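Structure, as C-alpha cells:
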Amino acid sequence: MATKSPGINEARALRPLPAFIFASRWLQLPLYLGLIVAQAIYVWLFWQELYYLLMATFGDQPALSHILDSVTVEGAKRPTKPNETVLMLVVLGLIDVVMISNLLIMVIVGGYETFVSRMNLESHPDQPEWLSHVNASVLKVKLATAIIGISSIHLLKTFINAAAYDEKTMLWQVAIHVTFLFSAITIALVDRLMSPATPAQQRRE
C-alpha cells in the first residue's frame, strides 16, 4: 500500500536547532510594536499642529506664536499674522507628518509580513495593493520612494524660506536630495536586473 505523501500545505517539523533559529524572527515583534507607538505619536503631533493652525487662523496669539516658531528660521522676516506663506509651510509640515506615517506603515506591515509571519490578508477587502507582491527588494524600493517624497517637502520648505539660508546650505540640501533620488533609481534598477519580470507581469505592463 502506497504511503500518503505530505501535502504541500502541511507543516513539516523542524529539528530543534533550526526551529529555535527560525523562531528567533519573533524577536523583531517588539520593534514593530514600538513603531506602532511611534505612529500613535505622529497622529497626536498631526492633530496638535492642526489645532494650533486652526486657533491661529482665528487670531489666537499663543497659537500664532507657536506656528511661527515652527515655520520661520532665524534671520527670516517674522509675519504678524498667518499669511499664505505661513499657511503653506504649516500644511507642508502636516504633509511631512503624513508621509512619515505612510513610511512607518510600510515598514510595520511590509516588514512583519516579510520577516516575521504571514498576515493572511489575501481575501481582506482593505489589503494594500503593494502588499500582495511585497518582498525585501520591493520594500526597499518603496521606502526609498517615500524618503524622496519627504526630502522633496523639506527642500520646498527651504526654497520658500530661501532668503534666510545661505547659498552653501541650499546647495547641500539639493545635493542630498539628488543623492536620495539616484539611490532610489539605483535600487530599482538593481532589483529589476536581479528579479526579471515573469511573462504574466510583462503582459500586465
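Please note that chains go A, B, ... in the order of the C-alpha cells, that every chain numbers its residues from 1, and that ligands are numbered from 1 in the order shown.
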
Nearby residues (only C-alpha atoms) at most 12 Å from segment 24-40 of chain A, same-chain spacing under 3 positions excluded, as a JSON list (two decimals) with all heavy atoms, in the first residue's frame:
```json
[["chain", "number", "residue", "atom", "x", "y", "z"],
["A", 17, "LEU", "N", 17.36, 22.73, 16.64],
["A", 17, "LEU", "CA", 18.19, 23.91, 16.41],
["A", 17, "LEU", "C", 17.64, 24.78, 15.29],
["A", 17, "LEU", "O", 17.48, 26.01, 15.48],
["A", 17, "LEU", "CB", 19.63, 23.51, 16.11],
["A", 17, "LEU", "CG", 20.60, 24.67, 15.88],
["A", 17, "LEU", "CD1", 20.62, 25.59, 17.09],
["A", 17, "LEU", "CD2", 22.01, 24.15, 15.58],
["A", 18, "PRO", "N", 17.30, 24.23, 14.10],
["A", 18, "PRO", "CA", 16.67, 25.08, 13.08],
["A", 18, "PRO", "C", 15.37, 25.72, 13.54],
["A", 18, "PRO", "O", 15.09, 26.87, 13.21],
["A", 18, "PRO", "CB", 16.44, 24.12, 11.91],
["A", 18, "PRO", "CG", 17.45, 23.04, 12.09],
["A", 18, "PRO", "CD", 17.59, 22.88, 13.58],
["A", 19, "ALA", "N", 14.58, 24.97, 14.35],
["A", 19, "ALA", "CA", 13.33, 25.53, 14.85],
["A", 19, "ALA", "C", 13.59, 26.71, 15.77],
["A", 19, "ALA", "O", 12.90, 27.73, 15.72],
["A", 19, "ALA", "CB", 12.53, 24.45, 15.59],
["A", 20, "PHE", "N", 14.63, 26.60, 16.61],
["A", 20, "PHE", "CA", 14.98, 27.69, 17.52],
["A", 20, "PHE", "C", 15.47, 28.91, 16.74],
["A", 20, "PHE", "O", 15.07, 30.05, 17.02],
["A", 20, "PHE", "CB", 16.06, 27.22, 18.50],
["A", 20, "PHE", "CG", 16.58, 28.31, 19.38],
["A", 20, "PHE", "CD1", 15.82, 28.78, 20.44],
["A", 20, "PHE", "CD2", 17.83, 28.87, 19.14],
["A", 20, "PHE", "CE1", 16.30, 29.79, 21.26],
["A", 20, "PHE", "CE2", 18.31, 29.88, 19.94],
["A", 20, "PHE", "CZ", 17.55, 30.34, 21.01],
["A", 21, "ILE", "N", 16.32, 28.67, 15.74],
["A", 21, "ILE", "CA", 16.84, 29.78, 14.94],
["A", 21, "ILE", "C", 15.71, 30.46, 14.17],
["A", 21, "ILE", "O", 15.63, 31.70, 14.11],
["A", 21, "ILE", "CB", 17.94, 29.28, 13.97],
["A", 21, "ILE", "CG1", 19.15, 28.79, 14.78],
["A", 21, "ILE", "CG2", 18.34, 30.38, 12.99],
["A", 21, "ILE", "CD1", 20.23, 28.15, 13.92],
["A", 43, "VAL", "N", 0.37, 60.68, 15.02],
["A", 43, "VAL", "CA", -1.05, 61.05, 14.93],
["A", 43, "VAL", "C", -1.35, 62.18, 15.91],
["A", 43, "VAL", "O", -2.03, 63.17, 15.55],
["A", 43, "VAL", "CB", -1.94, 59.82, 15.22],
["A", 43, "VAL", "CG1", -3.41, 60.24, 15.33],
["A", 43, "VAL", "CG2", -1.79, 58.78, 14.11],
["A", 44, "TRP", "N", -0.84, 62.07, 17.13],
["A", 44, "TRP", "CA", -1.03, 63.12, 18.12],
["A", 44, "TRP", "C", -0.39, 64.42, 17.66],
["A", 44, "TRP", "O", -0.99, 65.49, 17.79],
["A", 44, "TRP", "CB", -0.46, 62.67, 19.46],
["A", 44, "TRP", "CG", -0.40, 63.78, 20.49],
["A", 44, "TRP", "CD1", 0.72, 64.45, 20.90],
["A", 44, "TRP", "CD2", -1.50, 64.35, 21.20],
["A", 44, "TRP", "NE1", 0.39, 65.40, 21.82],
["A", 44, "TRP", "CE2", -0.97, 65.36, 22.03],
["A", 44, "TRP", "CE3", -2.86, 64.10, 21.22],
["A", 44, "TRP", "CZ2", -1.76, 66.13, 22.87],
["A", 44, "TRP", "CZ3", -3.66, 64.87, 22.05],
["A", 44, "TRP", "CH2", -3.11, 65.86, 22.86],
["A", 45, "LEU", "N", 0.82, 64.35, 17.11],
["A", 45, "LEU", "CA", 1.52, 65.54, 16.62],
["A", 45, "LEU", "C", 0.73, 66.21, 15.50],
["A", 45, "LEU", "O", 0.61, 67.45, 15.46],
["A", 45, "LEU", "CB", 2.91, 65.16, 16.14],
["A", 45, "LEU", "CG", 3.76, 66.28, 15.52],
["A", 45, "LEU", "CD1", 4.05, 67.36, 16.55],
["A", 45, "LEU", "CD2", 5.06, 65.72, 14.95],
["A", 46, "PHE", "N", 0.18, 65.40, 14.58],
["A", 46, "PHE", "CA", -0.59, 65.94, 13.47],
["A", 46, "PHE", "C", -1.78, 66.76, 13.98],
["A", 46, "PHE", "O", -2.00, 67.90, 13.57],
["A", 46, "PHE", "CB", -1.06, 64.80, 12.56],
["A", 46, "PHE", "CG", -1.90, 65.26, 11.40],
["A", 46, "PHE", "CD1", -1.31, 65.56, 10.18],
["A", 46, "PHE", "CD2", -3.28, 65.37, 11.51],
["A", 46, "PHE", "CE1", -2.07, 65.98, 9.11],
["A", 46, "PHE", "CE2", -4.05, 65.79, 10.44],
["A", 46, "PHE", "CZ", -3.44, 66.10, 9.24],
["A", 47, "TRP", "N", -2.57, 66.17, 14.88],
["A", 47, "TRP", "CA", -3.76, 66.87, 15.38],
["A", 47, "TRP", "C", -3.40, 68.07, 16.25],
["A", 47, "TRP", "O", -4.12, 69.07, 16.27],
["A", 47, "TRP", "CB", -4.66, 65.89, 16.14],
["A", 47, "TRP", "CG", -5.41, 65.00, 15.21],
["A", 47, "TRP", "CD1", -5.15, 63.71, 14.91],
["A", 47, "TRP", "CD2", -6.54, 65.37, 14.40],
["A", 47, "TRP", "NE1", -6.03, 63.24, 13.98],
["A", 47, "TRP", "CE2", -6.90, 64.24, 13.65],
["A", 47, "TRP", "CE3", -7.26, 66.55, 14.25],
["A", 47, "TRP", "CZ2", -7.97, 64.25, 12.77],
["A", 47, "TRP", "CZ3", -8.34, 66.55, 13.37],
["A", 47, "TRP", "CH2", -8.67, 65.42, 12.65],
["A", 97, "VAL", "N", 4.36, 65.00, 8.04],
["A", 97, "VAL", "CA", 3.97, 64.04, 9.08],
["A", 97, "VAL", "C", 3.23, 62.86, 8.45],
["A", 97, "VAL", "O", 3.48, 61.69, 8.82],
["A", 97, "VAL", "CB", 3.09, 64.72, 10.14],
["A", 97, "VAL", "CG1", 2.51, 63.69, 11.11],
["A", 97, "VAL", "CG2", 3.90, 65.76, 10.92],
["A", 98, "VAL", "N", 2.35, 63.14, 7.50],
["A", 98, "VAL", "CA", 1.60, 62.06, 6.83],
["A", 98, "VAL", "C", 2.55, 61.16, 6.04],
["A", 98, "VAL", "O", 2.41, 59.92, 6.06],
["A", 98, "VAL", "CB", 0.52, 62.65, 5.91],
["A", 98, "VAL", "CG1", -0.15, 61.56, 5.08],
["A", 98, "VAL", "CG2", -0.53, 63.40, 6.72],
["A", 99, "MET", "N", 3.53, 61.76, 5.36],
["A", 99, "MET", "CA", 4.48, 60.96, 4.57],
["A", 99, "MET", "C", 5.29, 60.04, 5.48],
["A", 99, "MET", "O", 5.51, 58.86, 5.16],
["A", 99, "MET", "CB", 5.41, 61.89, 3.80],
["A", 99, "MET", "CG", 4.74, 62.70, 2.71],
["A", 99, "MET", "SD", 4.29, 61.71, 1.26],
["A", 99, "MET", "CE", 5.89, 61.36, 0.57],
["A", 100, "ILE", "N", 5.74, 60.56, 6.62],
["A", 100, "ILE", "CA", 6.50, 59.73, 7.54],
["A", 100, "ILE", "C", 5.60, 58.64, 8.12],
["A", 100, "ILE", "O", 6.04, 57.49, 8.33],
["A", 100, "ILE", "CB", 7.10, 60.60, 8.67],
["A", 100, "ILE", "CG1", 8.12, 61.58, 8.07],
["A", 100, "ILE", "CG2", 7.77, 59.73, 9.73],
["A", 100, "ILE", "CD1", 8.71, 62.55, 9.07],
["A", 101, "SER", "N", 4.33, 58.97, 8.36],
["A", 101, "SER", "CA", 3.38, 57.98, 8.85],
["A", 101, "SER", "C", 3.18, 56.86, 7.82],
["A", 101, "SER", "O", 3.12, 55.68, 8.17],
["A", 101, "SER", "CB", 2.05, 58.65, 9.17],
["A", 101, "SER", "OG", 1.12, 57.72, 9.66],
["A", 102, "ASN", "N", 3.10, 57.24, 6.54],
["A", 102, "ASN", "CA", 3.00, 56.24, 5.48],
["A", 102, "ASN", "C", 4.24, 55.35, 5.46],
["A", 102, "ASN", "O", 4.15, 54.13, 5.24],
["A", 102, "ASN", "CB", 2.83, 56.91, 4.12],
["A", 102, "ASN", "CG", 1.49, 57.61, 3.98],
["A", 102, "ASN", "OD1", 0.55, 57.31, 4.72],
["A", 102, "ASN", "ND2", 1.39, 58.54, 3.06],
["A", 103, "LEU", "N", 5.40, 55.97, 5.67],
["A", 103, "LEU", "CA", 6.64, 55.21, 5.70],
["A", 103, "LEU", "C", 6.63, 54.21, 6.85],
["A", 103, "LEU", "O", 7.06, 53.06, 6.70],
["A", 103, "LEU", "CB", 7.82, 56.19, 5.85],
["A", 103, "LEU", "CG", 9.23, 55.60, 5.84],
["A", 103, "LEU", "CD1", 9.50, 54.86, 4.54],
["A", 103, "LEU", "CD2", 10.25, 56.69, 6.07],
["A", 104, "LEU", "N", 6.11, 54.64, 8.01],
["A", 104, "LEU", "CA", 6.02, 53.74, 9.15],
["A", 104, "LEU", "C", 5.11, 52.55, 8.84],
["A", 104, "LEU", "O", 5.42, 51.40, 9.20],
["A", 104, "LEU", "CB", 5.49, 54.50, 10.37],
["A", 104, "LEU", "CG", 6.50, 55.38, 11.11],
["A", 104, "LEU", "CD1", 5.79, 56.25, 12.14],
["A", 104, "LEU", "CD2", 7.57, 54.54, 11.77],
["A", 105, "ILE", "N", 3.97, 52.82, 8.16],
["A", 105, "ILE", "CA", 3.05, 51.73, 7.82],
["A", 105, "ILE", "C", 3.73, 50.72, 6.89],
["A", 105, "ILE", "O", 3.58, 49.50, 7.05],
["A", 105, "ILE", "CB", 1.78, 52.30, 7.16],
["A", 105, "ILE", "CG1", 0.89, 52.97, 8.21],
["A", 105, "ILE", "CG2", 0.98, 51.20, 6.45],
["A", 105, "ILE", "CD1", 0.35, 52.01, 9.25],
["A", 106, "MET", "N", 4.49, 51.22, 5.92],
["A", 106, "MET", "CA", 5.20, 50.31, 5.02],
["A", 106, "MET", "C", 6.18, 49.43, 5.79],
["A", 106, "MET", "O", 6.28, 48.22, 5.54],
["A", 106, "MET", "CB", 5.95, 51.11, 3.96],
["A", 106, "MET", "CG", 5.08, 51.76, 2.91],
["A", 106, "MET", "SD", 6.08, 52.56, 1.64],
["A", 106, "MET", "CE", 4.80, 53.38, 0.70],
["A", 107, "VAL", "N", 6.91, 50.03, 6.72],
["A", 107, "VAL", "CA", 7.89, 49.26, 7.48],
["A", 107, "VAL", "C", 7.19, 48.27, 8.41],
["A", 107, "VAL", "O", 7.60, 47.10, 8.50],
["A", 107, "VAL", "CB", 8.80, 50.21, 8.28],
["A", 107, "VAL", "CG1", 9.73, 49.42, 9.18],
["A", 107, "VAL", "CG2", 9.62, 51.09, 7.34],
["A", 108, "ILE", "N", 6.14, 48.72, 9.09],
["A", 108, "ILE", "CA", 5.46, 47.85, 10.05],
["A", 108, "ILE", "C", 4.78, 46.67, 9.35],
["A", 108, "ILE", "O", 5.06, 45.51, 9.66],
["A", 108, "ILE", "CB", 4.42, 48.65, 10.86],
["A", 108, "ILE", "CG1", 5.12, 49.69, 11.74],
["A", 108, "ILE", "CG2", 3.58, 47.72, 11.74],
["A", 108, "ILE", "CD1", 4.17, 50.70, 12.37],
["A", 109, "VAL", "N", 3.91, 46.99, 8.39],
["A", 109, "VAL", "CA", 3.13, 45.93, 7.73],
["A", 109, "VAL", "C", 4.01, 45.09, 6.80],
["A", 109, "VAL", "O", 4.02, 43.86, 6.87],
["A", 109, "VAL", "CB", 1.95, 46.53, 6.95],
["A", 109, "VAL", "CG1", 1.16, 45.44, 6.24],
["A", 109, "VAL", "CG2", 1.04, 47.32, 7.89],
["A", 110, "GLY", "N", 4.78, 45.79, 5.94],
["A", 110, "GLY", "CA", 5.62, 45.06, 4.99],
["A", 110, "GLY", "C", 6.73, 44.28, 5.68],
["A", 110, "GLY", "O", 7.04, 43.14, 5.31],
["A", 111, "GLY", "N", 7.35, 44.89, 6.70],
["A", 111, "GLY", "CA", 8.42, 44.20, 7.41],
["A", 111, "GLY", "C", 7.92, 42.99, 8.18],
["A", 111, "GLY", "O", 8.54, 41.93, 8.17],
["A", 112, "TYR", "N", 6.78, 43.13, 8.85],
["A", 112, "TYR", "CA", 6.22, 41.99, 9.58],
["A", 112, "TYR", "C", 5.85, 40.87, 8.62],
["A", 112, "TYR", "O", 6.15, 39.70, 8.87],
["A", 112, "TYR", "CB", 4.98, 42.45, 10.36],
["A", 112, "TYR", "CG", 4.37, 41.36, 11.21],
["A", 112, "TYR", "CD1", 4.79, 41.17, 12.52],
["A", 112, "TYR", "CD2", 3.38, 40.52, 10.70],
["A", 112, "TYR", "CE1", 4.23, 40.17, 13.31],
["A", 112, "TYR", "CE2", 2.83, 39.52, 11.46],
["A", 112, "TYR", "CZ", 3.25, 39.35, 12.77],
["A", 112, "TYR", "OH", 2.70, 38.35, 13.52],
["A", 113, "GLU", "N", 5.21, 41.23, 7.50],
["A", 113, "GLU", "CA", 4.81, 40.23, 6.52],
["A", 113, "GLU", "C", 6.01, 39.53, 5.90],
["A", 113, "GLU", "O", 5.98, 38.33, 5.62],
["A", 113, "GLU", "CB", 3.97, 40.90, 5.42],
["A", 113, "GLU", "CG", 3.58, 40.00, 4.26],
["A", 113, "GLU", "CD", 2.32, 39.19, 4.52],
["A", 113, "GLU", "OE1", 1.64, 39.47, 5.51],
["A", 113, "GLU", "OE2", 2.03, 38.30, 3.70],
["A", 114, "THR", "N", 7.10, 40.27, 5.70],
["A", 114, "THR", "CA", 8.26, 39.72, 5.02],
["A", 114, "THR", "C", 9.18, 38.94, 5.95],
["A", 114, "THR", "O", 9.66, 37.87, 5.60],
["A", 114, "THR", "CB", 9.07, 40.85, 4.36],
["A", 114, "THR", "OG1", 8.22, 41.58, 3.46],
["A", 114, "THR", "CG2", 10.26, 40.29, 3.57],
["A", 115, "PHE", "N", 9.40, 39.46, 7.16],
["A", 115, "PHE", "CA", 10.44, 38.90, 8.00],
["A", 115, "PHE", "C", 9.94, 38.15, 9.23],
["A", 115, "PHE", "O", 10.71, 37.44, 9.87],
["A", 115, "PHE", "CB", 11.38, 40.02, 8.48],
["A", 115, "PHE", "CG", 12.05, 40.75, 7.35],
["A", 115, "PHE", "CD1", 11.70, 42.05, 7.04],
["A", 115, "PHE", "CD2", 13.03, 40.12, 6.59],
["A", 115, "PHE", "CE1", 12.32, 42.72, 6.00],
["A", 115, "PHE", "CE2", 13.65, 40.78, 5.56],
["A", 115, "PHE", "CZ", 13.30, 42.09, 5.25],
["A", 116, "VAL", "N", 8.65, 38.29, 9.59],
["A", 116, "VAL", "CA", 8.17, 37.66, 10.82],
["A", 116, "VAL", "C", 7.15, 36.58, 10.52],
["A", 116, "VAL", "O", 7.41, 35.39, 10.72],
["A", 116, "VAL", "CB", 7.58, 38.71, 11.80],
["A", 116, "VAL", "CG1", 7.09, 38.01, 13.08],
["A", 116, "VAL", "CG2", 8.64, 39.74, 12.17],
["A", 117, "SER", "N", 5.96, 36.96, 10.05],
["A", 117, "SER", "CA", 4.90, 35.97, 9.84],
["A", 117, "SER", "C", 3.88, 36.50, 8.83],
["A", 117, "SER", "O", 3.69, 37.71, 8.71],
["A", 117, "SER", "CB", 4.20, 35.67, 11.17],
["A", 117, "SER", "OG", 3.17, 34.71, 11.00]]
```

Skipping near chain neighbours, those fewer than 4 positions away, what residues fall within 12 Å of Val71 of chain A using only C-alpha atoms, listed as a PyMOL selection string?
chain A and resi 49+53+64-67+76-79+82-83+85-94+154+157-158+160-161+164

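Our summary of the geometry notes that atom CA of Asp96 of chain A is positioned 6.0 Å from atom CA of Ile150 of chain A.
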
Interatomic distance (Å, one decimal) between atom CA of Leu143 of chain A and atom CA of His177 of chain A:
14.6 Å

Every residue of segment 14-176 of chain A that DSSP places in helix (DSSP H, G or I), as an NGL selection string:
:A and (16-57 or 61-71 or 84-115 or 129-133 or 136-160 or 162-164 or 167-176)

Could those residues be written to a file, using C-alpha atoms, as a short mmCIF file (atom, residue, chain, number, x, y, z; two decimals), in the first residue's frame?
```cif
data_model
loop_
_atom_site.label_atom_id
_atom_site.label_comp_id
_atom_site.auth_asym_id
_atom_site.auth_seq_id
_atom_site.Cartn_x
_atom_site.Cartn_y
_atom_site.Cartn_z
CA PRO A 16 15.31 21.63 17.43
CA LEU A 17 18.19 23.91 16.41
CA PRO A 18 16.67 25.08 13.08
CA ALA A 19 13.33 25.53 14.85
CA PHE A 20 14.98 27.69 17.52
CA ILE A 21 16.84 29.78 14.94
CA PHE A 22 13.69 30.23 12.83
CA ALA A 23 11.67 31.19 15.91
CA SER A 24 14.19 33.96 16.64
CA ARG A 25 12.42 36.06 13.98
CA TRP A 26 9.82 36.84 16.66
CA LEU A 27 12.43 38.97 18.40
CA GLN A 28 11.57 41.60 15.79
CA LEU A 29 8.00 41.81 17.07
CA PRO A 30 8.80 44.34 19.86
CA LEU A 31 10.47 46.53 17.22
CA TYR A 32 7.31 46.69 15.12
CA LEU A 33 5.18 47.27 18.22
CA GLY A 34 7.49 50.17 19.08
CA LEU A 35 6.95 51.61 15.60
CA ILE A 36 3.19 51.42 16.20
CA VAL A 37 3.74 53.57 19.31
CA ALA A 38 5.75 55.99 17.14
CA GLN A 39 2.84 56.03 14.69
CA ALA A 40 0.47 57.00 17.51
CA ILE A 41 2.83 59.83 18.48
CA TYR A 42 2.77 61.13 14.91
CA VAL A 43 -1.05 61.05 14.93
CA TRP A 44 -1.03 63.12 18.12
CA LEU A 45 1.52 65.54 16.62
CA PHE A 46 -0.59 65.94 13.47
CA TRP A 47 -3.76 66.87 15.38
CA GLN A 48 -1.83 69.13 17.74
CA GLU A 49 -0.34 71.12 14.85
CA LEU A 50 -3.71 71.22 13.09
CA TYR A 51 -5.28 72.60 16.29
CA TYR A 52 -2.64 75.34 16.55
CA LEU A 53 -3.19 76.24 12.88
CA LEU A 54 -6.94 76.49 13.40
CA MET A 55 -6.59 78.63 16.53
CA ALA A 56 -4.01 80.90 14.89
CA THR A 57 -6.35 81.44 11.95
CA GLN A 61 -1.75 84.84 19.72
CA PRO A 62 -0.11 81.90 21.59
CA ALA A 63 -1.11 79.56 18.74
CA LEU A 64 0.21 82.06 16.17
CA SER A 65 3.49 82.31 18.04
CA HIS A 66 3.74 78.51 18.07
CA ILE A 67 3.27 78.04 14.33
CA LEU A 68 5.61 80.94 13.52
CA ASP A 69 8.29 79.34 15.70
CA SER A 70 7.85 76.09 13.75
CA VAL A 71 7.95 77.53 10.20
CA GLU A 84 -0.30 82.48 2.59
CA THR A 85 3.36 81.55 3.04
CA VAL A 86 2.89 80.63 6.70
CA LEU A 87 -0.18 78.53 5.88
CA MET A 88 1.72 76.78 3.08
CA LEU A 89 4.63 75.95 5.38
CA VAL A 90 2.34 74.61 8.11
CA VAL A 91 0.43 72.47 5.60
CA LEU A 92 3.72 71.19 4.19
CA GLY A 93 4.67 70.24 7.74
CA LEU A 94 1.40 68.32 8.09
CA ILE A 95 2.03 66.58 4.77
CA ASP A 96 5.50 65.72 6.02
CA VAL A 97 3.97 64.04 9.08
CA VAL A 98 1.60 62.06 6.83
CA MET A 99 4.48 60.96 4.57
CA ILE A 100 6.50 59.73 7.54
CA SER A 101 3.38 57.98 8.85
CA ASN A 102 3.00 56.24 5.48
CA LEU A 103 6.64 55.21 5.70
CA LEU A 104 6.02 53.74 9.15
CA ILE A 105 3.05 51.73 7.82
CA MET A 106 5.20 50.31 5.02
CA VAL A 107 7.89 49.26 7.48
CA ILE A 108 5.46 47.85 10.05
CA VAL A 109 3.13 45.93 7.73
CA GLY A 110 5.62 45.06 4.99
CA GLY A 111 8.42 44.20 7.41
CA TYR A 112 6.22 41.99 9.58
CA GLU A 113 4.81 40.23 6.52
CA THR A 114 8.26 39.72 5.02
CA PHE A 115 10.44 38.90 8.00
CA GLU A 129 -2.18 46.73 -3.27
CA TRP A 130 1.59 46.69 -2.73
CA LEU A 131 1.40 44.03 -0.02
CA SER A 132 0.29 41.31 -2.45
CA HIS A 133 3.75 41.19 -4.03
CA ALA A 136 12.60 42.67 0.76
CA SER A 137 13.51 44.25 -2.60
CA VAL A 138 10.08 45.78 -3.22
CA LEU A 139 10.05 47.12 0.34
CA LYS A 140 13.43 48.80 -0.18
CA VAL A 141 12.23 50.49 -3.38
CA LYS A 142 9.04 51.76 -1.75
CA LEU A 143 10.95 53.03 1.29
CA ALA A 144 13.39 54.87 -0.98
CA THR A 145 10.48 56.45 -2.87
CA ALA A 146 8.88 57.57 0.39
CA ILE A 147 12.16 59.11 1.56
CA ILE A 148 12.37 61.07 -1.71
CA GLY A 149 8.88 62.45 -1.09
CA ILE A 150 9.83 63.52 2.44
CA SER A 151 13.05 65.10 1.18
CA SER A 152 11.11 66.98 -1.51
CA ILE A 153 8.84 68.55 1.10
CA HIS A 154 11.82 69.69 3.20
CA LEU A 155 13.51 71.08 0.10
CA LEU A 156 10.39 73.02 -0.86
CA LYS A 157 10.21 74.48 2.65
CA THR A 158 13.84 75.57 2.29
CA PHE A 159 13.15 77.27 -1.05
CA ILE A 160 10.18 79.13 0.42
CA ALA A 162 15.35 80.89 0.73
CA ALA A 163 16.11 84.42 1.95
CA ALA A 164 17.09 83.06 5.37
CA GLU A 167 23.81 79.52 -0.88
CA LYS A 168 26.05 76.77 0.52
CA THR A 169 23.29 75.36 2.73
CA MET A 170 20.81 75.27 -0.16
CA LEU A 171 23.33 73.60 -2.46
CA TRP A 172 23.99 70.91 0.14
CA GLN A 173 20.27 70.25 0.56
CA VAL A 174 19.82 69.95 -3.21
CA ALA A 175 22.84 67.61 -3.40
CA ILE A 176 21.45 65.41 -0.64
#
```

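Across the structure, atom CA of Ser195 of chain A and atom CA of Phe182 of chain A are spaced 19.6 Å apart.
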